[in-house]
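Report on one structure; see the data block that follows.
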Amino acid sequence: MIAIIDYGLGNIKNVQRAVEHLGYKTILTDKQSEIEAADIIILPGVGHFKDAMQAIQVRGLASVLQSITDKPIIGICLGMQLLYDWSAEGNIEGLKLFPGNIVPIKTQYPVPHLGWNNLISNHPQLAQDVYFVHSYQAEMSEHVVAFAEYGDPIPAIVQYKHYIGIQFHPEKSGADGLTILNQALKGGFLL
């Protein structure tokens with residue numbers, strides 16, 4: 001069973017449909033017992049970092065997610081950013097599951113980074129065109145598995161221990177996005 005965290009912000013129904021299309025059973029939940037019983041946890045998200053962290057805190061989900069050490073947690077879009085230590089969007093701490101910070105996108109191109117962009121990666125399944133919409137990004141680090149060029153490199157997929165972050169929307173990225181989402185659900189992208 002895959003638990004998709006429902007904390008009041010996010011594109012959860014589209015993520016749920018995409019995961020179920022891949023053949024997995026899901027539950028939308030904010031209940032600790034259901035999250036802890038799941039095989040995989042997905043933290044989706046659309047919106048403002050500070051609003052999302054406050055919604056997570058109000059529901060008591062931060063400590064639940066921080067206590068899970070034996071199963072994958074996959075963050076999608078804002079959900080990926082929430083896994084990090086801190087964000088400039090609201091000047092607030094994140095879940096601190098992933099080392100590093102979230103910073104504004106600095107580029108000569110328009111922000112938000114909106115639309116289709118090609119992934120760059122050494123991983124054979126990740127040379128794909130996927131759909132982005134975001135104004136903040138993770139810092140580049142050794143944990144970046146794939147990135148997109150948008151004036152400067154923007155981390156698109158990150159993996160650290162049992163945490164996987166996907167900055168773009170796999171559920172809006174057609175067959176390529178579903179392939180990437182399925183790979184994340186099967187254990188990730190480390191070669």
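A note on labels: chains of the structure tokens are A, B, ... as shown, every chain counts residues from 1, and ligands are counted from 1 in their shown order.
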
Contacts of A:Asn14 at 10 Å (only C-alpha atoms; same-chain gap of 2+ positions) as a PyMOL selection string: chain A and resi 10-12+16-20+44+169-172

Output of the above residues as a JSON list (two decimals), in the first residue's frame, restricted to N, CA and C atoms:
```json
[["chain", "number", "residue", "atom", "x", "y", "z"],
["A", 10, "GLY", "N", -1.89, 20.52, -2.26],
["A", 10, "GLY", "CA", -1.26, 19.60, -3.20],
["A", 10, "GLY", "C", -2.16, 19.12, -4.29],
["A", 11, "ASN", "N", -1.55, 18.44, -5.18],
["A", 11, "ASN", "CA", -2.19, 17.89, -6.36],
["A", 11, "ASN", "C", -2.45, 16.41, -6.11],
["A", 12, "ILE", "N", -3.09, 16.10, -4.98],
["A", 12, "ILE", "CA", -3.11, 14.72, -4.52],
["A", 12, "ILE", "C", -3.95, 13.79, -5.38],
["A", 16, "GLN", "N", -2.56, 10.47, -7.05],
["A", 16, "GLN", "CA", -3.21, 9.19, -6.74],
["A", 16, "GLN", "C", -3.59, 8.45, -8.02],
["A", 17, "ARG", "N", -4.20, 9.15, -8.97],
["A", 17, "ARG", "CA", -4.59, 8.49, -10.23],
["A", 17, "ARG", "C", -3.38, 7.95, -10.98],
["A", 18, "ALA", "N", -2.29, 8.71, -10.99],
["A", 18, "ALA", "CA", -1.08, 8.26, -11.69],
["A", 18, "ALA", "C", -0.51, 7.00, -11.03],
["A", 19, "VAL", "N", -0.45, 6.99, -9.71],
["A", 19, "VAL", "CA", 0.10, 5.82, -8.99],
["A", 19, "VAL", "C", -0.80, 4.61, -9.20],
["A", 20, "GLU", "N", -2.11, 4.81, -9.13],
["A", 20, "GLU", "CA", -3.03, 3.69, -9.35],
["A", 20, "GLU", "C", -2.99, 3.21, -10.80],
["A", 44, "PRO", "N", 3.12, 14.79, -1.73],
["A", 44, "PRO", "CA", 2.94, 15.69, -2.87],
["A", 44, "PRO", "C", 2.93, 17.13, -2.38],
["A", 169, "HIS", "N", 6.45, 17.59, -12.18],
["A", 169, "HIS", "CA", 5.20, 16.86, -11.95],
["A", 169, "HIS", "C", 5.18, 15.61, -12.82],
["A", 170, "PRO", "N", 5.53, 14.44, -12.28],
["A", 170, "PRO", "CA", 5.49, 13.23, -13.11],
["A", 170, "PRO", "C", 4.07, 12.90, -13.55],
["A", 171, "GLU", "N", 3.08, 13.26, -12.72],
["A", 171, "GLU", "CA", 1.69, 12.96, -13.05],
["A", 171, "GLU", "C", 1.16, 13.84, -14.18],
["A", 172, "LYS", "N", 1.90, 14.89, -14.54],
["A", 172, "LYS", "CA", 1.51, 15.76, -15.65],
["A", 172, "LYS", "C", 2.48, 15.64, -16.83]]
```

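Within 8 Å of A:His134, once only C-alpha atoms are used and residues closer than 5 positions along the same chain are dropped, the contacting residues are A:Cys77, A:Val111, A:Pro112, A:His113, A:Leu114.
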
Keeping N, CA, C and O atoms, export the residues of the selection given above as a PDB file, in the first residue's frame.
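The result, stored in selection15.pdb:
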```
ATOM      1  N   CYS A  77       7.325  17.718  -6.319  1.00  0.00           N
ATOM      2  CA  CYS A  77       7.242  19.171  -6.484  1.00  0.00           C
ATOM      3  C   CYS A  77       7.500  19.842  -5.137  1.00  0.00           C
ATOM      4  O   CYS A  77       8.572  19.706  -4.571  1.00  0.00           O
ATOM      5  N   VAL A 111      10.732  33.524 -14.385  1.00  0.00           N
ATOM      6  CA  VAL A 111      10.409  32.708 -13.210  1.00  0.00           C
ATOM      7  C   VAL A 111       8.944  32.983 -12.899  1.00  0.00           C
ATOM      8  O   VAL A 111       8.530  34.137 -12.885  1.00  0.00           O
ATOM      9  N   PRO A 112       8.122  31.947 -12.692  1.00  0.00           N
ATOM     10  CA  PRO A 112       8.512  30.569 -12.414  1.00  0.00           C
ATOM     11  C   PRO A 112       9.039  29.811 -13.638  1.00  0.00           C
ATOM     12  O   PRO A 112       8.768  30.178 -14.765  1.00  0.00           O
ATOM     13  N   HIS A 113       9.803  28.785 -13.329  1.00  0.00           N
ATOM     14  CA  HIS A 113      10.234  27.806 -14.319  1.00  0.00           C
ATOM     15  C   HIS A 113       8.987  27.002 -14.659  1.00  0.00           C
ATOM     16  O   HIS A 113       8.534  26.181 -13.879  1.00  0.00           O
ATOM     17  N   LEU A 114       8.407  27.294 -15.807  1.00  0.00           N
ATOM     18  CA  LEU A 114       7.090  26.771 -16.149  1.00  0.00           C
ATOM     19  C   LEU A 114       7.125  26.135 -17.522  1.00  0.00           C
ATOM     20  O   LEU A 114       7.518  26.772 -18.493  1.00  0.00           O
TER      21      LEU A 114
END
```

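The list of residues with at least one atom within 9 Å of A:Gln125, based on only C-alpha atoms and without residues fewer than 3 positions apart in the same chain, reads Ser121, Asn122, Gln128, Thr179, Ile180, Gln183 and Phe189 of chain A.
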
Atom CA of A:Tyr24 to atom CA of A:Lys96, straight-line distance in Å: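 Atom-to-atom, atom CA of A:Lys96 to atom CA of A:Tyr24, that is 27.9 Å.
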
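DSSP on the backbone gives alpha helix (DSSP H) for these parts of stretch 28-161 of chain A: Gln32, Ser33, Glu34, Ile35, Glu36, Ala37, Phe49, Lys50, Asp51, Ala52, Met53, Gln54, Ala55, Ile56, Gln57, Val58, Leu61, Ala62, Ser63, Val64, Leu65, Gln66, Ser67, Leu78, Gly79, Met80, Gln81 and Leu82 of chain A.
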
Long-range neighbours of A:Leu43 as a ChimeraX atom specification, 6 Å cut-off, only C-alpha atoms, 3 positions minimum in chain: /A:5,75,79

Test item, strand (DSSP E or B) assignment across chain A, answer as JSON, numbers by chain: {"A": [2, 3, 4, 5, 26, 27, 28, 29, 40, 41, 42, 43, 73, 74, 75, 76, 84, 85, 86, 87, 92, 93, 98, 99, 100, 101, 102, 103, 104, 113, 114, 115, 116, 117, 118, 119, 120, 129, 130, 131, 132, 133, 134, 136, 137, 138, 144, 145, 146, 147, 148, 149, 150, 152, 153, 154, 155, 156, 157, 158, 159, 160, 163, 164, 165, 166]}

Shell of 7 Å around A:Asp39, only C-alpha atoms, local chain residues under 2 positions omitted, as an NGL selection string: :A and (1-2 or 37 or 41 or 71)

Give me the residues of stretch 66-106 of chain A that have any atom at most 12 Å from an atom of stretch 149-155 of chain A; for each, the nearest atom pair and the distance in Å, rounded to one decimal. Use only C-alpha atoms, sort by chain and number, and format it as a Markdown table.
```
| residue | atom | partner | partner_atom | distance |
| --- | --- | --- | --- | --- |
| A:Cys77 | CA | A:Pro155 | CA | 11.1 |
| A:Met80 | CA | A:Pro155 | CA | 10.5 |
| A:Gln81 | CA | A:Pro155 | CA | 10.6 |
| A:Gly100 | CA | A:Pro155 | CA | 11.9 |
| A:Asn101 | CA | A:Pro155 | CA | 11.8 |
| A:Ile102 | CA | A:Pro155 | CA | 10.6 |
| A:Val103 | CA | A:Ile154 | CA | 10.7 |
| A:Pro104 | CA | A:Ile154 | CA | 10.7 |
| A:Ile105 | CA | A:Ile154 | CA | 8.1 |
| A:Lys106 | CA | A:Asp152 | CA | 7.6 |
```
